[in-house]
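Read through the structure below, which is laid out as structure tokens, and then see the notes.
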Amino acid sequence: MDTLAIEKELWKDIPGYEGRYQASNVGRIRSLDRYVTQIGRTGKPFTRLLKGKILKPGRYNQDGRVSVVLGHGANGSPVHHLIALTFLGDRPKGYDVRHLDGNPQNNKLSNLAYGTRTQNILDVYRQGKKWRKTSIEQAIKIKHLLKHNIKCSEIAKIVNVKTSVVYDIKENKIFWWLNKEGVMNE
């Protein structure tokens with residue numbers, strides 16, 4: 001069943017692109033009809049209508065996030081950032097745009113929220129995915145082995161990770177939110 005038919009689509013101007021581009025609450029971006037002036041072959045200017053259209057997002061990164069280009073020669077803008085900006089307002093400093101269901105291509109407003117980097121990382125692990133190459137299981141094992149005063153280089157060999165990962169866990173640079181029993185401390 002088409003989810004666009006179930007949820008009423010609401011369009012709003014994207015801040016900074018008013019009258020040119022809009023975002024919808026179901027995660028789509030469109031350009032609006034507008035007139036542009038160009039120089040013809042004869043050197044004389046002429047005006048023509050550019051018809052608005054739904055923009056087709058392209059792949060933004062390896063994780064599956066998507067972006068659209070707003071304007072000729074511009075860089076791609078992540079769709080989830082545009083939807084959040086349009087409907088949630090400016091992103092607070094130091095916050096991420098979170099995909100609550102873990103699907104980076106689901107850019108519906110109902111799936112997006114601002115949150116801390118820790119909240120974003122915890123979302124990923126709650127969905128059984130990896131934020132980094134190191135899994136929760138590996139991190140728990142490393143934390144357990146660290147309690148037994150085993151050298152970091154030995155732990156790295158046992159768990160099959162880089163020694164730097166063991167040091168980062170030991171110094172609470174990564175996986176600080178995870179105790180040795182595997183419980184997430186928020």
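Order determines the names: the first chain of the structure tokens is A, the second B, and so forth; residues in each chain are numbered 1 upward, and ligands are numbered 1 upward as they are shown.
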
- Item | Spatial neighbours of segment 172-178 of chain A, max dist 10 Å, only C-alpha atoms, sep filter under 5 positions, as a list of chain:residue names |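 The contact residues come out as A:Thr118, A:Ile121, A:Leu122, A:Arg132, A:Thr134, A:Ser135, A:Ile136, A:Ala139, A:Ile140, A:Lys143, A:Val165, A:Val166, A:Tyr167, A:Val183, A:Met184, A:Asn185, A:Glu186.
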
- Message: Can you pull out the residues contacting Asn107 of chain A? Cut-off 8 Å, using only C-alpha atoms, and skip same-chain residues under 5 positions away; I want them as a PyMOL selection string.
- Response: chain A and resi 26-28+79-80+83+99+112

- Task: Determine which residues of segment 79-178 of chain A receive a DSSP assignment of alpha helix (DSSP H), computed from the backbone, and state them as JSON, numbers by chain.
- Result: {"A": [79, 80, 81, 82, 83, 84, 85, 86, 87, 88, 117, 118, 119, 120, 121, 122, 123, 124, 125, 126, 136, 137, 138, 139, 140, 141, 142, 143, 144, 145, 146, 152, 153, 154, 155, 156, 157, 158, 159, 163, 164, 165, 166, 167, 168, 169, 170]}

- Message: Can you tell me which residues surround Tyr114 of chain A at a distance of at most 12 Å, considering only C-alpha atoms, apart from same-chain residues fewer than 5 positions away, and format the answer as a list in words?
- Response: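 These residues fall inside the cut-off: His80, His81, Ile83, Ala84, Leu85, Phe87, Leu88, Gly89, Asp90, Arg91, Pro92, Lys93, Gly94, Tyr95, Asp96, Val97, Arg98, His99, Leu100, Leu109, Gln119 and Asn120 of chain A.
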
Residues of the last selection are to be written out with N, CA and C atoms, as a PDB file, in the first residue's frame.
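Output contents, as saved in selection_23.pdb:
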```pdb
ATOM      1  N   HIS A  80      17.266  14.447   4.844  1.00  0.00           N
ATOM      2  CA  HIS A  80      16.810  14.456   6.233  1.00  0.00           C
ATOM      3  C   HIS A  80      17.112  15.789   6.914  1.00  0.00           C
ATOM      4  N   HIS A  81      18.214  16.451   6.543  1.00  0.00           N
ATOM      5  CA  HIS A  81      18.517  17.768   7.104  1.00  0.00           C
ATOM      6  C   HIS A  81      17.497  18.804   6.623  1.00  0.00           C
ATOM      7  N   ILE A  83      14.348  18.291   5.574  1.00  0.00           N
ATOM      8  CA  ILE A  83      13.036  18.033   6.173  1.00  0.00           C
ATOM      9  C   ILE A  83      13.026  18.534   7.621  1.00  0.00           C
ATOM     10  N   ALA A  84      14.075  18.205   8.372  1.00  0.00           N
ATOM     11  CA  ALA A  84      14.145  18.625   9.777  1.00  0.00           C
ATOM     12  C   ALA A  84      14.194  20.146   9.890  1.00  0.00           C
ATOM     13  N   LEU A  85      14.998  20.789   9.085  1.00  0.00           N
ATOM     14  CA  LEU A  85      15.083  22.246   9.107  1.00  0.00           C
ATOM     15  C   LEU A  85      13.729  22.878   8.821  1.00  0.00           C
ATOM     16  N   PHE A  87      10.606  21.604   9.089  1.00  0.00           N
ATOM     17  CA  PHE A  87       9.497  21.318   9.999  1.00  0.00           C
ATOM     18  C   PHE A  87       9.857  21.393  11.487  1.00  0.00           C
ATOM     19  N   LEU A  88      11.131  21.181  11.825  1.00  0.00           N
ATOM     20  CA  LEU A  88      11.531  21.201  13.238  1.00  0.00           C
ATOM     21  C   LEU A  88      12.283  22.478  13.608  1.00  0.00           C
ATOM     22  N   GLY A  89      12.690  23.254  12.609  1.00  0.00           N
ATOM     23  CA  GLY A  89      13.444  24.479  12.862  1.00  0.00           C
ATOM     24  C   GLY A  89      14.938  24.219  12.835  1.00  0.00           C
ATOM     25  N   ASP A  90      15.694  25.239  13.213  1.00  0.00           N
ATOM     26  CA  ASP A  90      17.155  25.124  13.214  1.00  0.00           C
ATOM     27  C   ASP A  90      17.610  24.012  14.146  1.00  0.00           C
ATOM     28  N   ARG A  91      18.624  23.296  13.704  1.00  0.00           N
ATOM     29  CA  ARG A  91      19.176  22.206  14.508  1.00  0.00           C
ATOM     30  C   ARG A  91      19.986  22.810  15.655  1.00  0.00           C
ATOM     31  N   PRO A  92      19.714  22.378  16.891  1.00  0.00           N
ATOM     32  CA  PRO A  92      20.512  22.871  18.024  1.00  0.00           C
ATOM     33  C   PRO A  92      21.984  22.502  17.846  1.00  0.00           C
ATOM     34  N   LYS A  93      22.842  23.391  18.318  1.00  0.00           N
ATOM     35  CA  LYS A  93      24.289  23.173  18.196  1.00  0.00           C
ATOM     36  C   LYS A  93      24.677  21.852  18.870  1.00  0.00           C
ATOM     37  N   GLY A  94      25.470  21.049  18.153  1.00  0.00           N
ATOM     38  CA  GLY A  94      25.949  19.789  18.683  1.00  0.00           C
ATOM     39  C   GLY A  94      24.970  18.630  18.548  1.00  0.00           C
ATOM     40  N   TYR A  95      23.843  18.856  17.907  1.00  0.00           N
ATOM     41  CA  TYR A  95      22.834  17.812  17.742  1.00  0.00           C
ATOM     42  C   TYR A  95      22.891  17.226  16.341  1.00  0.00           C
ATOM     43  N   ASP A  96      22.423  15.987  16.218  1.00  0.00           N
ATOM     44  CA  ASP A  96      22.289  15.285  14.939  1.00  0.00           C
ATOM     45  C   ASP A  96      20.822  15.223  14.561  1.00  0.00           C
ATOM     46  N   VAL A  97      20.561  14.922  13.296  1.00  0.00           N
ATOM     47  CA  VAL A  97      19.210  14.555  12.880  1.00  0.00           C
ATOM     48  C   VAL A  97      19.151  13.039  12.960  1.00  0.00           C
ATOM     49  N   ARG A  98      18.254  12.522  13.783  1.00  0.00           N
ATOM     50  CA  ARG A  98      18.139  11.085  14.010  1.00  0.00           C
ATOM     51  C   ARG A  98      17.047  10.485  13.126  1.00  0.00           C
ATOM     52  N   HIS A  99      17.295   9.300  12.583  1.00  0.00           N
ATOM     53  CA  HIS A  99      16.278   8.486  11.919  1.00  0.00           C
ATOM     54  C   HIS A  99      15.793   7.498  12.972  1.00  0.00           C
ATOM     55  N   LEU A 100      14.618   7.710  13.500  1.00  0.00           N
ATOM     56  CA  LEU A 100      14.141   6.944  14.652  1.00  0.00           C
ATOM     57  C   LEU A 100      13.991   5.457  14.371  1.00  0.00           C
ATOM     58  N   LEU A 109       8.817  13.120   8.234  1.00  0.00           N
ATOM     59  CA  LEU A 109       8.927  13.940   9.433  1.00  0.00           C
ATOM     60  C   LEU A 109       8.700  13.113  10.689  1.00  0.00           C
ATOM     61  N   GLN A 119      22.498   9.745  21.592  1.00  0.00           N
ATOM     62  CA  GLN A 119      21.164   9.219  21.283  1.00  0.00           C
ATOM     63  C   GLN A 119      21.152   8.591  19.888  1.00  0.00           C
ATOM     64  N   ASN A 120      21.816   9.233  18.955  1.00  0.00           N
ATOM     65  CA  ASN A 120      21.873   8.729  17.588  1.00  0.00           C
ATOM     66  C   ASN A 120      22.600   7.387  17.539  1.00  0.00           C
TER      67      ASN A 120
END
```

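Relative to atom CA of Lys141 of chain A, atom CA of Lys162 of chain A is found at 14.0 Å.
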
Let's see if you can do this: from backbone DSSP, list all strand (DSSP E or B) residues in chain A, as a tab-separated table (two decimals) with N, CA, C and O atoms, in the first residue's frame.
```tsv
chain	number	residue	atom	x	y	z
A	11	TRP	N	3.27	20.51	2.25
A	11	TRP	CA	4.48	21.13	1.69
A	11	TRP	C	4.74	22.47	2.37
A	11	TRP	O	3.81	23.24	2.59
A	12	LYS	N	6.03	22.74	2.66
A	12	LYS	CA	6.44	24.03	3.22
A	12	LYS	C	7.73	24.48	2.55
A	12	LYS	O	8.56	23.64	2.18
A	13	ASP	N	7.90	25.81	2.44
A	13	ASP	CA	9.14	26.35	1.90
A	13	ASP	C	10.31	25.95	2.78
A	13	ASP	O	10.22	26.00	4.02
A	21	TYR	N	12.19	26.14	-3.46
A	21	TYR	CA	12.16	24.72	-3.10
A	21	TYR	C	11.31	24.52	-1.86
A	21	TYR	O	11.30	25.35	-0.96
A	22	GLN	N	10.64	23.37	-1.83
A	22	GLN	CA	9.82	23.02	-0.68
A	22	GLN	C	10.12	21.59	-0.25
A	22	GLN	O	10.56	20.76	-1.05
A	23	ALA	N	9.85	21.33	1.04
A	23	ALA	CA	9.99	20.00	1.61
A	23	ALA	C	8.61	19.55	2.06
A	23	ALA	O	7.77	20.38	2.42
A	24	SER	N	8.38	18.24	2.06
A	24	SER	CA	7.10	17.72	2.52
A	24	SER	C	7.29	16.86	3.76
A	24	SER	O	8.37	16.33	4.01
A	29	ILE	N	11.22	16.37	-1.63
A	29	ILE	CA	11.67	17.73	-1.92
A	29	ILE	C	11.22	18.05	-3.35
A	29	ILE	O	11.31	17.21	-4.24
A	30	ARG	N	10.73	19.28	-3.54
A	30	ARG	CA	10.33	19.68	-4.89
A	30	ARG	C	10.81	21.10	-5.19
A	30	ARG	O	11.01	21.91	-4.29
A	31	SER	N	10.99	21.34	-6.47
A	31	SER	CA	11.25	22.70	-6.94
A	31	SER	C	9.90	23.29	-7.33
A	31	SER	O	8.95	22.56	-7.63
A	34	ARG	N	9.03	28.65	-11.67
A	34	ARG	CA	9.63	29.98	-11.55
A	34	ARG	C	10.11	30.44	-12.92
A	34	ARG	O	10.39	29.64	-13.80
A	35	TYR	N	10.19	31.73	-13.06
A	35	TYR	CA	10.68	32.33	-14.29
A	35	TYR	C	12.15	32.66	-14.15
A	35	TYR	O	12.59	33.15	-13.11
A	36	VAL	N	12.91	32.34	-15.19
A	36	VAL	CA	14.34	32.66	-15.19
A	36	VAL	C	14.66	33.44	-16.45
A	36	VAL	O	14.04	33.24	-17.51
A	37	THR	N	15.60	34.35	-16.32
A	37	THR	CA	16.05	35.13	-17.46
A	37	THR	C	17.38	34.57	-17.92
A	37	THR	O	18.28	34.37	-17.09
A	38	GLN	N	17.48	34.33	-19.22
A	38	GLN	CA	18.71	33.79	-19.79
A	38	GLN	C	19.09	34.62	-21.00
A	38	GLN	O	18.28	35.38	-21.53
A	39	ILE	N	20.33	34.46	-21.43
A	39	ILE	CA	20.82	35.13	-22.63
A	39	ILE	C	20.73	34.15	-23.79
A	39	ILE	O	21.25	33.04	-23.71
A	45	PRO	N	18.54	38.97	-23.87
A	45	PRO	CA	17.94	38.21	-22.76
A	45	PRO	C	16.49	37.81	-23.08
A	45	PRO	O	15.79	38.51	-23.81
A	46	PHE	N	16.10	36.67	-22.55
A	46	PHE	CA	14.71	36.24	-22.66
A	46	PHE	C	14.33	35.55	-21.36
A	46	PHE	O	15.17	35.08	-20.61
A	47	THR	N	13.03	35.53	-21.09
A	47	THR	CA	12.53	34.91	-19.87
A	47	THR	C	11.75	33.66	-20.24
A	47	THR	O	10.99	33.65	-21.21
A	48	ARG	N	11.95	32.61	-19.44
A	48	ARG	CA	11.20	31.38	-19.69
A	48	ARG	C	10.76	30.78	-18.35
A	48	ARG	O	11.34	31.06	-17.29
A	49	LEU	N	9.73	29.97	-18.43
A	49	LEU	CA	9.18	29.32	-17.25
A	49	LEU	C	9.89	27.98	-17.03
A	49	LEU	O	9.96	27.16	-17.93
A	50	LEU	N	10.42	27.78	-15.83
A	50	LEU	CA	10.93	26.48	-15.42
A	50	LEU	C	9.83	25.83	-14.59
A	50	LEU	O	9.42	26.38	-13.57
A	54	ILE	N	9.18	17.19	-8.58
A	54	ILE	CA	9.67	16.44	-7.43
A	54	ILE	C	11.12	16.05	-7.75
A	54	ILE	O	11.40	15.51	-8.82
A	58	GLY	N	19.65	11.50	-4.75
A	58	GLY	CA	20.77	10.63	-5.07
A	58	GLY	C	21.41	10.15	-3.78
A	58	GLY	O	21.19	10.71	-2.71
A	59	ARG	N	22.20	9.12	-3.89
A	59	ARG	CA	22.86	8.55	-2.72
A	59	ARG	C	23.86	9.55	-2.14
A	59	ARG	O	24.69	10.09	-2.86
A	66	VAL	N	20.32	10.00	1.59
A	66	VAL	CA	20.16	10.55	0.25
A	66	VAL	C	20.19	12.08	0.30
A	66	VAL	O	19.91	12.69	1.32
A	67	SER	N	20.54	12.68	-0.84
A	67	SER	CA	20.62	14.12	-0.93
A	67	SER	C	20.01	14.60	-2.24
A	67	SER	O	19.77	13.81	-3.16
A	68	VAL	N	19.73	15.90	-2.28
A	68	VAL	CA	19.25	16.54	-3.50
A	68	VAL	C	20.09	17.80	-3.72
A	68	VAL	O	20.65	18.36	-2.79
A	69	VAL	N	20.17	18.23	-4.97
A	69	VAL	CA	20.90	19.45	-5.32
A	69	VAL	C	19.88	20.57	-5.47
A	69	VAL	O	18.95	20.47	-6.27
A	76	GLY	N	25.18	18.73	-3.01
A	76	GLY	CA	23.99	18.04	-2.53
A	76	GLY	C	23.71	18.37	-1.07
A	76	GLY	O	24.62	18.54	-0.27
A	77	SER	N	22.43	18.47	-0.75
A	77	SER	CA	21.99	18.70	0.63
A	77	SER	C	21.28	17.44	1.10
A	77	SER	O	20.36	16.96	0.42
A	78	PRO	N	21.65	16.91	2.27
A	78	PRO	CA	20.98	15.71	2.77
A	78	PRO	C	19.48	15.96	2.97
A	78	PRO	O	19.10	16.96	3.60
A	96	ASP	N	22.42	15.99	16.22
A	96	ASP	CA	22.29	15.28	14.94
A	96	ASP	C	20.82	15.22	14.56
A	96	ASP	O	19.95	15.41	15.41
A	97	VAL	N	20.56	14.92	13.30
A	97	VAL	CA	19.21	14.56	12.88
A	97	VAL	C	19.15	13.04	12.96
A	97	VAL	O	19.93	12.34	12.31
A	98	ARG	N	18.25	12.52	13.78
A	98	ARG	CA	18.14	11.09	14.01
A	98	ARG	C	17.05	10.49	13.13
A	98	ARG	O	16.00	11.09	12.93
A	99	HIS	N	17.29	9.30	12.58
A	99	HIS	CA	16.28	8.49	11.92
A	99	HIS	C	15.79	7.50	12.97
A	99	HIS	O	16.50	6.55	13.31
A	112	LEU	N	11.90	11.56	12.01
A	112	LEU	CA	13.07	12.39	12.27
A	112	LEU	C	12.94	13.14	13.59
A	112	LEU	O	11.84	13.53	13.98
A	113	ALA	N	14.06	13.31	14.25
A	113	ALA	CA	14.10	14.09	15.49
A	113	ALA	C	15.53	14.60	15.67
A	113	ALA	O	16.49	13.98	15.20
A	114	TYR	N	15.66	15.73	16.36
A	114	TYR	CA	16.98	16.19	16.75
A	114	TYR	C	17.37	15.46	18.03
A	114	TYR	O	16.53	15.18	18.88
A	115	GLY	N	18.64	15.13	18.15
A	115	GLY	CA	19.12	14.47	19.35
A	115	GLY	C	20.62	14.54	19.43
A	115	GLY	O	21.30	14.92	18.48
A	178	LEU	N	28.09	1.84	27.36
A	178	LEU	CA	27.80	0.41	27.45
A	178	LEU	C	28.56	-0.20	28.63
A	178	LEU	O	29.77	-0.08	28.72
A	184	MET	N	22.87	-0.52	28.07
A	184	MET	CA	23.18	0.82	27.59
A	184	MET	C	22.85	1.84	28.67
A	184	MET	O	21.72	1.97	29.11
```
